[in-house]
Every structure is written in structure tokens, then in C-alpha cells.
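Below is one structure, written out as C-alpha cells; comments come after it.
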Amino acid sequence: MRRFLSALIVLGLIMFFISTLPLIPEFGKASLSKVSRAFIDKDVNGNGGNVQYGVSKDLENGAANVVTSIVVDYRSFDTLGEVTVLFTSALGVGIILSGYKRKKFGREPNFILRVSVGILLPLILLFGAYVFIHGHLTPGGGFPGGTIIAAGILLLYLSNEEFDLSKTVKFVEGISGSLYVIVGLLGLAVSGVFLINFLPTGVVGNLFSSGIVPIIYILIGFKVGAELSGIVAELHREG
Amino acid sequence: MINVIIIFIGILMAISAIFAVESKKIIDSFIALSLMSLLSVFLFVIMKAPDVAITEASVGAGLTTAVLVLALRKIGGDKE
């Protein structure tokens, strides 16, 4: 009976899904509102004309990735709250699981695991760093980059019993979290608005462009990577 | 054509979700949940949302499965 009911519900959901598909407009043909158009064109300094990749200079935001320009510049205070939520959940895991000593089995982990971690780990860390450094140019940003780095740290924990990173993790997390707030306070000191983009924005598409956006995304990448590595380390300790 | 792919991936997602609920072993549910996240990554890429796709791939399909497996090991395995 339960199976039948769940299958019926899923069938209904699928029918709903299929019937609503034609409502989604084709790519590039959606009728955008004035606000979305302004966000995409981004040439809001009153010069007129569209933004060209690699040519346009000194725009209001200057990030090639529109999502990043909204998440880290226009709605940066929301992102600060999001980082705080992640910090609170990591704190909860740490409080619940504290007091356990790490159990050591006294034998080496699998040979294949040890050798392949040595080959794979630099590539994983490099990819994570690439994702959060290029957050204003390509898809991605601080949160997925930090998560990829935490997955690499998990591999390190699995392959080496003596490995311990808890002190470094706390240090990196505290430093990067407070630097985020300090960058915001610098904006408050320079221009009178918390977390305003006070640096020059440069040419769209360059690595050094769009002001404080890459700085903040690098800080978020370090903070998220450190927090998730801390969660993984707490869970990895055998009770 | 693209609609056929979207519908196929949606059906596969529904099947893996049912499997995650109905499977007897908890570890099978984790694998099915990871599979569902991976399929939703395809869906996000088709729907032109690469930012959401890369976040879902790293968080949903990658780290969540690892954290769930570690938590399962912490509560003492798959026993009744």
C-alpha cells in the first residue's frame, strides 16, 4: 500500500513536471524585467551601450559572472550571514562531538589509497583554489571551492592516521572570518557603506578586476574549507 | 530533444529517490541520494545554471555522502 501510494505521488509529480516544461522559455528568449536587464548589462554609469567582455572598463561592479556580482557585491551582507550560519553549524558539531579521543588502529591504511592520495591531492587542492580564485570570471566561487578543498582534506585524514589539522583549521577560520568583516569595515571607513566595493574595478574578464569581489571570495573559500574540514575531522575521530 | 533528456533524468531522479526511501540498508540509501544529487547536476547544467550545478556537485554529491557515511560509522554501523 505504501509503495503504491508513493508511486502514485511520484507519477503525479512527473505529470506536473512534464506539463510545466513548455512554460520555461528558451535560452536567451526570456522576457526580462528592467531590473534583470540592468544587472546583466551592468553599464549603469550612464554611458549607454552594452558591456563587452575584455573591453569595457571601470563599470560599477566589473565581475564577468553576474551571479557572483550579486552574491558578493550587491548582496554581500547576506553572504556574511550565510557564512555565520555555516560557522554555527560547525560549532554545533564540534560541541556535540567534543571529548572523544582519536582511536588509532596502529596499522597502515591501504597501499592503493596511500599512493593515489599522493597523486590526486595536489590536483584536488589546485582545482578548489582555481574555483574560488576565479569566482568572478567562471561559475563557482568560495562555497564550492572550499567544499572541494575539504574533500581533499578528508582524503588526507583517511590515508594517514597521524594526520591532525585541528589547530590550523581553527586559526585559518578565525583569521579569514574576521578579515571578511574588516574588509566590510574598510568600505564603511572609505565610502560610508558597509561592504561597499571601494577598489577600482578594472577591465571585465581580467583576473585582477571587480574590486573586492575576488578578495572576499578567496576569504570565503578559506573559511568554508576550514569549517568543513573541521566537521570532517570531528566526525572522523572514532568515539 | 532536450525535453526528452530532461524527462528521462527526472524519471531517473524519482526512481533513485524511491530507492533511497525503500532500501533496507542505510548505506544503499546514501548511495541513492548521492546519485540523485548527481542527476540533478545534469539537470542544472541543461537549465543553464552552472553556479548551482558546481555547488550541488561538490556539496550534494561529494561531501554530504562522506559526512553521512562517517556519521553512520560513528553510531555503530548498519545494525538493527
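Just remember, in the C-alpha cells the first chain shown is A, the second B, etc., residues are 1-based per chain, and ligands are 1-based in the order shown.
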**Request:** For chain B, work out the contacting residues on chain A at 7 Å, counting only C-alpha atoms, and write them as number ranges by chain.
**Result:** A: 10, 139-140, 144, 147-148, 151, 232, 235-236, 238-239
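Atom CA of A:Leu8 to atom CA of B:Ala20 spans 16.7 Å [interatomic distance, one decimal].
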**Request:** Output as a count of residues only all residues of chain B that backbone DSSP marks as alpha helix (DSSP H).
**Result:** 59
**Request:** Excluding A:Ile231 and any residue of its chain fewer than 6 positions from it, enumerate the residues within 12 Å of it, using only C-alpha atoms, and give them as a ChimeraX atom specification.
**Result:** /A:86-98,147,150-151,153-154,165-166,169-170,224-225,237 /B:63-64,66-68,70-71
Can I get the selected residues back with N, CA and C atoms, as a tab-separated table (two decimals), in the first residue's frame?
chain	number	residue	atom	x	y	z
A	86	LEU	N	26.93	28.77	8.59
A	86	LEU	CA	27.84	27.63	8.45
A	86	LEU	C	28.73	27.51	9.67
A	87	PHE	N	29.21	28.67	10.18
A	87	PHE	CA	30.05	28.67	11.38
A	87	PHE	C	29.29	28.10	12.56
A	88	THR	N	27.98	28.48	12.68
A	88	THR	CA	27.19	28.00	13.81
A	88	THR	C	27.00	26.49	13.75
A	89	SER	N	26.74	25.96	12.52
A	89	SER	CA	26.55	24.52	12.41
A	89	SER	C	27.84	23.77	12.71
A	90	ALA	N	29.00	24.31	12.26
A	90	ALA	CA	30.27	23.67	12.57
A	90	ALA	C	30.53	23.69	14.07
A	91	LEU	N	30.13	24.81	14.71
A	91	LEU	CA	30.29	24.92	16.16
A	91	LEU	C	29.44	23.86	16.87
A	92	GLY	N	28.18	23.66	16.36
A	92	GLY	CA	27.32	22.65	16.97
A	92	GLY	C	27.91	21.26	16.87
A	93	VAL	N	28.45	20.91	15.68
A	93	VAL	CA	29.08	19.60	15.52
A	93	VAL	C	30.26	19.45	16.46
A	94	GLY	N	31.05	20.55	16.57
A	94	GLY	CA	32.21	20.50	17.46
A	94	GLY	C	31.81	20.30	18.91
A	95	ILE	N	30.71	20.97	19.35
A	95	ILE	CA	30.30	20.84	20.75
A	95	ILE	C	29.77	19.44	21.03
A	96	ILE	N	28.96	18.89	20.08
A	96	ILE	CA	28.37	17.58	20.32
A	96	ILE	C	29.45	16.51	20.36
A	97	LEU	N	30.40	16.60	19.42
A	97	LEU	CA	31.37	15.51	19.27
A	97	LEU	C	32.66	15.76	20.02
A	98	SER	N	32.72	16.80	20.88
A	98	SER	CA	33.99	17.05	21.57
A	98	SER	C	34.16	16.03	22.70
A	147	THR	N	34.44	23.57	-0.38
A	147	THR	CA	33.97	22.20	-0.20
A	147	THR	C	34.89	21.20	-0.89
A	150	ALA	N	37.85	20.76	1.27
A	150	ALA	CA	37.53	19.92	2.42
A	150	ALA	C	37.48	18.44	2.03
A	151	ALA	N	37.02	18.14	0.80
A	151	ALA	CA	37.03	16.74	0.35
A	151	ALA	C	38.46	16.23	0.23
A	153	ILE	N	40.97	17.28	2.08
A	153	ILE	CA	41.44	17.08	3.45
A	153	ILE	C	40.90	15.76	4.01
A	154	LEU	N	39.65	15.42	3.62
A	154	LEU	CA	39.08	14.15	4.07
A	154	LEU	C	39.92	12.98	3.55
A	165	LEU	N	44.86	18.26	11.89
A	165	LEU	CA	44.87	19.61	11.36
A	165	LEU	C	44.03	20.56	12.20
A	166	SER	N	43.57	20.10	13.39
A	166	SER	CA	42.51	20.85	14.08
A	166	SER	C	42.98	22.25	14.50
A	169	VAL	N	43.12	24.53	11.39
A	169	VAL	CA	41.77	24.81	10.91
A	169	VAL	C	41.15	25.93	11.70
A	170	LYS	N	41.28	25.88	13.03
A	170	LYS	CA	40.69	26.94	13.85
A	170	LYS	C	41.33	28.29	13.55
A	224	VAL	N	35.25	28.52	4.41
A	224	VAL	CA	34.37	27.35	4.22
A	224	VAL	C	35.20	26.07	4.21
A	225	GLY	N	36.38	26.11	3.55
A	225	GLY	CA	37.22	24.93	3.54
A	225	GLY	C	37.65	24.54	4.94
A	237	ARG	N	37.00	11.26	13.98
A	237	ARG	CA	37.54	10.71	15.23
A	237	ARG	C	36.60	9.63	15.75
B	63	LEU	N	30.55	15.92	-0.55
B	63	LEU	CA	30.87	15.95	0.87
B	63	LEU	C	29.74	15.40	1.74
B	64	THR	N	28.46	15.58	1.28
B	64	THR	CA	27.35	15.10	2.09
B	64	THR	C	27.40	13.59	2.26
B	66	ALA	N	30.07	11.70	2.16
B	66	ALA	CA	31.18	11.37	3.06
B	66	ALA	C	30.78	11.60	4.52
B	67	VAL	N	30.11	12.75	4.78
B	67	VAL	CA	29.72	13.06	6.15
B	67	VAL	C	28.69	12.06	6.66
B	68	LEU	N	27.75	11.66	5.78
B	68	LEU	CA	26.72	10.69	6.19
B	68	LEU	C	27.36	9.34	6.51
B	70	LEU	N	30.46	8.79	7.45
B	70	LEU	CA	31.23	8.91	8.70
B	70	LEU	C	30.30	8.91	9.91
B	71	ALA	N	29.14	9.59	9.79
B	71	ALA	CA	28.18	9.61	10.90
B	71	ALA	C	27.60	8.23	11.14
**Request:** Find, counting only C-alpha atoms, the residue in A:Ser209, A:Asn61, A:Ser159, A:Thr168 that gets nearest to A:Asn197.
**Result:**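 Once distances to A:Asn197 are computed over only C-alpha atoms, the minimum belongs to A:Asn61.
In this structure, atom CA of A:Gly12 sits 19.0 Å away from atom CA of B:Ser40.
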